[in-house]
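A.B. asks: To start, I am sharing the structure in question, which I have written as structure tokens.
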Amino acid sequence: MYFGASTLFPLLVDQQPVVEVGVGYWQMRALSIVAVGINFSFRGFWNGVGESWRYFVTLLVMHLCNVVISYALIFGVWGMPEMGADGAGLGSSIATYVGTLVAI
């Protein structure tokens with residue numbers, strides 16, 4: 001998905017400015033595909049054993065991290081590089097891996 005983003009994304013959108021921003025975002029989000037799969041597995045497990053609150057805690061941590069990390073990477077604050085939309089994607093991917101660590 002990472003390497004195919006520049007080929008696949010323009011098939012979804014025909015506006016060049018959107019493609020220019022969207023490809024980098026897609027690539028940054030593609031970095032978290034493994035973590036997304038692991039998180040879905042944990043969600044299914046916790047729901048199956050009747051303890052869905054555990055996944056809820058993971059989601060809370062993950063979303064709070066997403067807000068803080070993405071903000072820092074989008075706007076380049078707190079010593080982070082200013083990355084714009086790519087920063088939003090990277091921040092979301094990092095937060096997804098944080099959620100995976102919480103689940104484990």
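Residue numbering restarts at 1 for every chain of the structure tokens, chains are lettered A, B, ... in their displayed order, and ligands are numbered from 1 as they appear.
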Which residues, written as an NGL selection string, have at least one atom at most 10 Å from Cys65 in chain A, with only C-alpha atoms counted and residues fewer than 3 positions away on the same chain left out?

C.D. replies: :A and (59-62 or 68-71 or 91-92 or 94-96 or 98-99)

A.B. asks: Put those residues in a file: N, CA, C and O atoms, as a PDB file, in the first residue's frame.

C.D. replies:
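Contents of result-v6.pdb, freshly written:
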```pdb
ATOM      1  N   LEU A  59      -8.744   2.338  23.025  1.00  0.00           N
ATOM      2  CA  LEU A  59      -9.191   3.388  22.110  1.00  0.00           C
ATOM      3  C   LEU A  59      -9.002   4.777  22.707  1.00  0.00           C
ATOM      4  O   LEU A  59      -8.594   5.710  22.002  1.00  0.00           O
ATOM      5  N   LEU A  60      -9.310   4.923  23.992  1.00  0.00           N
ATOM      6  CA  LEU A  60      -9.127   6.228  24.630  1.00  0.00           C
ATOM      7  C   LEU A  60      -7.673   6.681  24.571  1.00  0.00           C
ATOM      8  O   LEU A  60      -7.375   7.815  24.199  1.00  0.00           O
ATOM      9  N   VAL A  61      -6.769   5.773  24.929  1.00  0.00           N
ATOM     10  CA  VAL A  61      -5.339   6.103  24.889  1.00  0.00           C
ATOM     11  C   VAL A  61      -4.910   6.419  23.464  1.00  0.00           C
ATOM     12  O   VAL A  61      -4.210   7.410  23.211  1.00  0.00           O
ATOM     13  N   MET A  62      -5.352   5.599  22.528  1.00  0.00           N
ATOM     14  CA  MET A  62      -4.955   5.761  21.139  1.00  0.00           C
ATOM     15  C   MET A  62      -5.448   7.104  20.580  1.00  0.00           C
ATOM     16  O   MET A  62      -4.685   7.827  19.931  1.00  0.00           O
ATOM     17  N   VAL A  68      -2.642  14.576  20.169  1.00  0.00           N
ATOM     18  CA  VAL A  68      -1.419  15.282  20.576  1.00  0.00           C
ATOM     19  C   VAL A  68      -0.306  15.112  19.539  1.00  0.00           C
ATOM     20  O   VAL A  68       0.319  16.094  19.108  1.00  0.00           O
ATOM     21  N   ILE A  69      -0.050  13.882  19.128  1.00  0.00           N
ATOM     22  CA  ILE A  69       1.041  13.618  18.183  1.00  0.00           C
ATOM     23  C   ILE A  69       0.749  14.232  16.818  1.00  0.00           C
ATOM     24  O   ILE A  69       1.627  14.860  16.207  1.00  0.00           O
ATOM     25  N   SER A  70      -0.472  14.061  16.339  1.00  0.00           N
ATOM     26  CA  SER A  70      -0.816  14.624  15.025  1.00  0.00           C
ATOM     27  C   SER A  70      -0.732  16.141  15.034  1.00  0.00           C
ATOM     28  O   SER A  70      -0.219  16.740  14.090  1.00  0.00           O
ATOM     29  N   TYR A  71      -1.219  16.762  16.104  1.00  0.00           N
ATOM     30  CA  TYR A  71      -1.119  18.224  16.206  1.00  0.00           C
ATOM     31  C   TYR A  71       0.339  18.669  16.109  1.00  0.00           C
ATOM     32  O   TYR A  71       0.673  19.592  15.361  1.00  0.00           O
ATOM     33  N   GLY A  91       1.081  10.771  12.552  1.00  0.00           N
ATOM     34  CA  GLY A  91       0.596  10.825  13.926  1.00  0.00           C
ATOM     35  C   GLY A  91      -0.445   9.750  14.208  1.00  0.00           C
ATOM     36  O   GLY A  91      -0.417   9.103  15.258  1.00  0.00           O
ATOM     37  N   SER A  92      -1.343   9.535  13.254  1.00  0.00           N
ATOM     38  CA  SER A  92      -2.352   8.490  13.416  1.00  0.00           C
ATOM     39  C   SER A  92      -1.713   7.105  13.442  1.00  0.00           C
ATOM     40  O   SER A  92      -2.118   6.239  14.219  1.00  0.00           O
ATOM     41  N   ILE A  94       1.413   6.371  14.410  1.00  0.00           N
ATOM     42  CA  ILE A  94       2.118   6.227  15.687  1.00  0.00           C
ATOM     43  C   ILE A  94       1.123   5.919  16.798  1.00  0.00           C
ATOM     44  O   ILE A  94       1.352   5.031  17.623  1.00  0.00           O
ATOM     45  N   ALA A  95       0.003   6.643  16.812  1.00  0.00           N
ATOM     46  CA  ALA A  95      -1.021   6.412  17.837  1.00  0.00           C
ATOM     47  C   ALA A  95      -1.592   4.995  17.740  1.00  0.00           C
ATOM     48  O   ALA A  95      -1.895   4.372  18.765  1.00  0.00           O
ATOM     49  N   THR A  96      -1.715   4.477  16.543  1.00  0.00           N
ATOM     50  CA  THR A  96      -2.216   3.110  16.367  1.00  0.00           C
ATOM     51  C   THR A  96      -1.241   2.105  16.968  1.00  0.00           C
ATOM     52  O   THR A  96      -1.649   1.131  17.622  1.00  0.00           O
ATOM     53  N   VAL A  98       0.824   2.795  19.419  1.00  0.00           N
ATOM     54  CA  VAL A  98       0.695   2.976  20.871  1.00  0.00           C
ATOM     55  C   VAL A  98      -0.485   2.151  21.381  1.00  0.00           C
ATOM     56  O   VAL A  98      -0.380   1.472  22.405  1.00  0.00           O
ATOM     57  N   GLY A  99      -1.602   2.189  20.654  1.00  0.00           N
ATOM     58  CA  GLY A  99      -2.753   1.377  21.025  1.00  0.00           C
ATOM     59  C   GLY A  99      -2.442  -0.103  21.028  1.00  0.00           C
ATOM     60  O   GLY A  99      -2.899  -0.851  21.895  1.00  0.00           O
TER      61      GLY A  99
END
```

A.B. asks: List as a PyMOL selection string the protein and nucleic acid residues near Phe9 in chain A, meaning an atom at most 7 Å away when only C-alpha atoms are counted, but skip any in the same chain fewer than 4 places from it.

C.D. replies: chain A and resi 5+13+19+23

A.B. asks: In Å, rounded to a single decimal, give me how far CA of Gly44 in chain A is from CA of Met28 in chain A.

C.D. replies: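 So the two atoms, CA of Met28 in chain A and CA of Gly44 in chain A, lie 25.4 Å apart.
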
A.B. asks: Work out how far CA of Gly89 in chain A is from CA of Leu101 in chain A, in Å to one decimal.

C.D. replies: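 Going from CA of Leu101 in chain A over to CA of Gly89 in chain A, I get 18.7 Å.
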
A.B. asks: Just how far from CA of Ser32 in chain A is CA of Gln15 in chain A, in Å to one decimal?

C.D. replies: 26.0 Å
